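**Student:** What follows is target-v8.txt; its format and atoms are compact mmCIF, C-alpha atoms.
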# COMPACT_ATOMS: atom_id res chain seq x y z
CA MET G 1 135.69 125.27 29.67
CA MET G 2 136.97 128.69 30.43
CA LEU G 3 139.59 129.59 32.96
CA ALA G 4 140.72 133.18 32.90
CA ALA G 5 143.22 134.93 35.11
CA VAL G 6 142.18 138.53 35.40
CA PRO G 7 144.28 141.02 37.33
CA GLY G 8 142.37 143.54 39.37
CA CYS G 9 143.49 146.77 37.75
CA THR G 10 141.55 149.32 39.74
CA GLY G 11 140.96 148.78 43.40
CA PRO G 12 140.76 145.52 45.29
CA ALA G 13 140.12 142.26 43.50
CA GLN G 14 136.95 141.79 45.52
CA GLU G 15 135.38 144.84 43.87
CA PHE G 16 136.22 143.34 40.49
CA VAL G 17 134.70 140.00 41.55
CA ASN G 18 131.52 141.73 42.71
CA LYS G 19 131.25 143.64 39.43
CA ILE G 20 131.65 140.50 37.30
CA ARG G 21 129.22 138.55 39.48
CA ASP G 22 126.64 141.34 39.29
CA GLU G 23 126.99 141.61 35.50
CA SER G 24 126.75 137.84 35.15
CA THR G 25 123.59 137.72 37.27
CA GLN G 26 122.02 140.57 35.31
CA LYS G 27 122.80 138.95 31.95
CA CYS G 28 121.52 135.59 33.22
CA ASN G 29 118.26 137.24 34.28
CA GLU G 30 118.04 138.66 30.75
CA GLY G 31 118.24 135.14 29.31
CA ASN G 32 121.96 134.80 28.56
CA GLN G 33 122.60 131.11 29.35
CA ALA G 34 126.40 131.47 29.21
CA ALA G 35 126.18 134.05 31.97
CA CYS G 36 124.02 131.68 34.03
CA HIS G 37 126.89 129.17 33.98
CA THR G 38 129.54 131.69 35.05
CA ILE G 39 131.26 131.39 38.43
CA VAL G 40 133.81 133.97 39.59
CA GLN G 41 136.36 133.33 42.34
CA GLN G 42 139.02 135.56 43.85
CA VAL G 43 142.11 133.42 44.48
CA SER G 44 144.53 136.12 45.64
CA ASP G 45 144.70 139.88 46.16
CA THR G 46 145.32 140.38 42.44
CA ARG G 47 143.99 137.23 40.76
CA VAL G 48 140.44 136.37 39.81
CA LEU G 49 139.34 133.19 38.01
CA ILE G 50 136.22 132.80 35.92
CA GLU G 51 134.79 129.33 35.35
CA SER G 52 131.87 128.02 33.34
CA THR G 53 129.74 125.13 34.56
CA ALA G 54 128.33 124.54 31.06
CA PRO G 55 130.74 121.63 30.36
CA ILE G 56 129.13 119.59 33.15
CA GLU G 57 126.11 118.99 30.91
CA SER G 58 128.19 117.42 28.13
CA GLY G 59 131.16 116.10 30.09
CA THR G 60 129.18 113.97 32.50
CA PRO G 61 127.38 111.93 29.80
CA ALA G 62 130.67 111.53 27.91
CA CYS G 63 132.35 110.27 31.08
CA MET G 64 129.48 107.89 31.82
CA ALA G 65 129.85 106.59 28.24
CA GLY G 66 133.46 105.63 29.00
CA ARG G 67 135.49 108.58 27.71
CA GLN G 68 138.38 108.76 30.18
CA ASP G 69 139.47 112.21 29.01
CA ALA G 70 136.00 113.54 29.86
CA CYS G 71 136.15 111.83 33.27
CA GLN G 72 139.50 113.45 33.97
CA GLN G 73 138.21 116.87 32.94
CA MET G 74 135.08 116.49 35.07
CA ALA G 75 137.14 115.38 38.08
CA VAL G 76 139.38 118.44 37.78
CA LEU G 77 136.37 120.75 37.37
CA HIS G 78 134.65 119.15 40.38
CA GLY G 79 137.84 119.50 42.45
CA GLU G 80 138.24 123.13 41.45
CA LEU G 81 134.63 124.01 42.24
CA SER G 82 134.81 122.09 45.53
CA THR G 83 137.82 124.18 46.51
CA TRP G 84 135.94 127.36 45.65
CA CYS G 85 132.94 126.11 47.62
CA SER G 86 135.19 125.61 50.67
CA MET G 87 136.21 129.27 50.23
CA GLY G 88 132.59 130.34 50.64
CA ASN G 89 131.54 130.62 46.98
CA GLY G 90 127.82 129.80 47.05
CA LYS G 91 127.48 129.43 43.29
CA ALA G 92 130.36 126.92 43.25
CA CYS G 93 128.68 125.02 46.12
CA SER G 94 125.46 124.91 44.15
CA ALA G 95 127.26 123.46 41.11
CA VAL G 96 129.08 120.89 43.26
CA ASN G 97 125.87 119.85 45.01
CA THR G 98 123.59 119.67 41.97
CA GLY G 99 125.87 118.66 39.08
CA PRO G 100 124.97 116.40 37.40
CA TRP G 101 128.30 114.70 38.06
CA PRO G 102 129.40 111.21 37.05
CA THR G 103 128.60 108.45 39.54
CA GLY G 104 130.93 105.78 40.84
CA TRP G 105 134.09 107.62 39.89
CA ASP G 106 137.43 107.72 41.71
CA GLU G 107 137.98 111.47 41.65
CA PRO G 108 141.52 111.49 43.17
CA ALA G 109 142.71 108.85 40.69
CA LEU G 110 141.16 110.77 37.79
CA ILE G 111 142.85 113.99 38.93
CA ASP G 112 146.18 112.13 39.05
CA ALA G 113 145.52 110.77 35.55
CA ALA G 114 144.71 114.30 34.35
CA LYS G 115 148.07 115.49 35.71
CA LEU G 116 149.79 112.75 33.69
CA SER G 117 147.75 113.71 30.63
CA CYS G 118 148.98 117.29 30.98
CA LEU G 119 152.59 116.17 31.38
CA SER G 120 152.40 113.78 28.41
CA GLY G 121 150.80 116.35 26.12
CA GLN G 122 147.43 114.60 25.80
CA PHE G 123 145.96 117.81 27.24
CA LYS G 124 147.62 121.00 26.06
CA PRO G 125 149.34 123.07 28.77
CA GLU G 126 147.02 126.02 28.05
CA SER G 127 143.90 123.84 28.37
CA HIS G 128 141.44 124.52 31.15
CA THR G 129 142.25 121.17 32.76
CA CYS G 130 146.00 121.77 32.97
CA GLN G 131 145.55 125.36 34.15
CA ALA G 132 143.03 124.34 36.80
CA LEU G 133 145.37 121.62 38.07
CA GLN G 134 147.95 124.31 38.85
CA MET G 135 145.44 125.81 41.30
CA LEU G 136 144.42 122.53 43.00
For the file at hand, write its structure as structure tokens.

**Tutor:**
Amino acid sequence: MMLAAVPGCTGPAQEFVNKIRDESTQKCNEGNQAACHTIVQQVSDTRVLIESTAPIESGTPACMAGRQDACQQMAVLHGELSTWCSMGNGKACSAVNTGPWPTGWDEPALIDAAKLSCLSGQFKPESHTCQALQML
């Protein structure tokens, strides 16, 4: 999972977001699968986050197989993308609505467990999960 804070160096952050989104779409159309999984979200006037939806494909089966760490990571990713969806990010909404996400999970409880995993060191502070939790 990738979570990158990127300051908008020249001009408004929205211009930077548009540029990254356009490049991602172009590369996806050229067959670059990593670009197809890229979602960009402006979270402040100077901060842009870039997320990949690729982990959904491996994290969901791992969660359904009983791996609690994978369930925690998927819950945090789902929460993050749901927040971005509520901010009008269509690509995030698409990922939230199509998944595939684990079934029968208690997302709030898993997010709380992920917070404890970050505090206890099970997840490293620089991990995507711990960084994303700071934004939720």

**Student:** Which of these residues is nearest to Gly99 in chain G, using all atoms listed in the file: G:Asn18, G:Gln131, G:Gln33, G:Ser58?

**Tutor:**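 Ranking G:Asn18, G:Gln131, G:Gln33, G:Ser58 by distance to Gly99 in chain G, first place goes to G:Ser58.
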
**Student:** Show me, as a PyMOL selection string, the residues that have an atom within 9 Å of Leu133 in chain G when counting only C-alpha atoms, minus same-chain residues fewer than 6 positions from it.

**Tutor:** chain G and resi 76+79-80+111+114-115

**Student:** Using C-alpha atoms, can you write the selected residues to a file as an mmCIF file, keeping the file's coordinate frame?

**Tutor:**
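Produced file part_12.cif, reproduced below:
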data_model
loop_
_atom_site.group_PDB
_atom_site.id
_atom_site.type_symbol
_atom_site.label_atom_id
_atom_site.label_comp_id
_atom_site.auth_asym_id
_atom_site.auth_seq_id
_atom_site.Cartn_x
_atom_site.Cartn_y
_atom_site.Cartn_z
ATOM 1 C CA VAL G 76 139.380 118.440 37.780
ATOM 2 C CA GLY G 79 137.840 119.500 42.450
ATOM 3 C CA GLU G 80 138.240 123.130 41.450
ATOM 4 C CA ILE G 111 142.850 113.990 38.930
ATOM 5 C CA ALA G 114 144.710 114.300 34.350
ATOM 6 C CA LYS G 115 148.070 115.490 35.710
#

**Student:** Report, in Å with one decimal, the straight-line distance from CA of Pro102 in chain G to CA of Phe123 in chain G.

**Tutor:**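 According to the coordinates, CA of Pro102 in chain G and CA of Phe123 in chain G are separated by 20.3 Å.
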
**Student:** What's the 12 Å shell around Thr129 in chain G, counting all atoms listed in the file, without same-chain residues fewer than 4 positions away, as a VMD selection string?

**Tutor:** chain G and resid 1 to 3 51 55 69 to 80 110 to 119 121 to 125 133 to 136

**Student:** So for range 64-77 of chain G, what box centre and size do we get, axis-aligned, 6 Å extra on each of the six sides, every listed atom, Å to one decimal, as JSON?

**Tutor:**
{"center_x": 134.5, "center_y": 113.2, "center_z": 32.9, "size_x": 22.0, "size_y": 27.1, "size_z": 22.4}

**Student:** Compare G:Thr103, G:Ala35, G:Gln41, G:Leu81 by their minimum atom-to-atom distance to Ala65 in chain G, counting all atoms listed in the file, and give me the closest one.

**Tutor:**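 For Ala65 in chain G, the nearest of the candidates is G:Thr103.
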
**Student:** Give me the residues within 10 Å of Asn89 in chain G as a ChimeraX atom specification, counting all atoms listed in the file and dropping any in the same chain fewer than 4 places off.

**Tutor:** /G:39-42,81-85,93-94

**Student:** What gap, in Å, lies between CA of Asp45 in chain G and CA of Ala13 in chain G?

**Tutor:** 5.8 Å

**Student:** Enter the distance from CA of Cys36 in chain G to CA of Ser127 in chain G, in Å, rounded to one decimal.

**Tutor:**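 Separating CA of Cys36 in chain G from CA of Ser127 in chain G is a distance of 22.1 Å.
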
**Student:** Given all atoms listed in the file as the basis, pick out the residue of G:Glu126, G:Asn97, G:Gly90, G:Glu57 nearest to Arg21 in chain G.

**Tutor:**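 Smallest distance to Arg21 in chain G is found for G:Gly90.
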
**Student:** Choose the residue, out of G:Ala34, G:Gln68, G:Ala92, G:Gln26, that has the smallest atom-to-atom separation from Ala54 in chain G; count all atoms listed in the file.

**Tutor:**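 Selected residue with least distance to Ala54 in chain G: G:Ala34.
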
**Student:** Calculated over all atoms listed in the file, which of the candidates G:Val17, G:Ala95, G:Cys130, G:Ala62 has the smallest distance to Leu49 in chain G?

**Tutor:**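 Smallest separation from Leu49 in chain G among the options: G:Val17.
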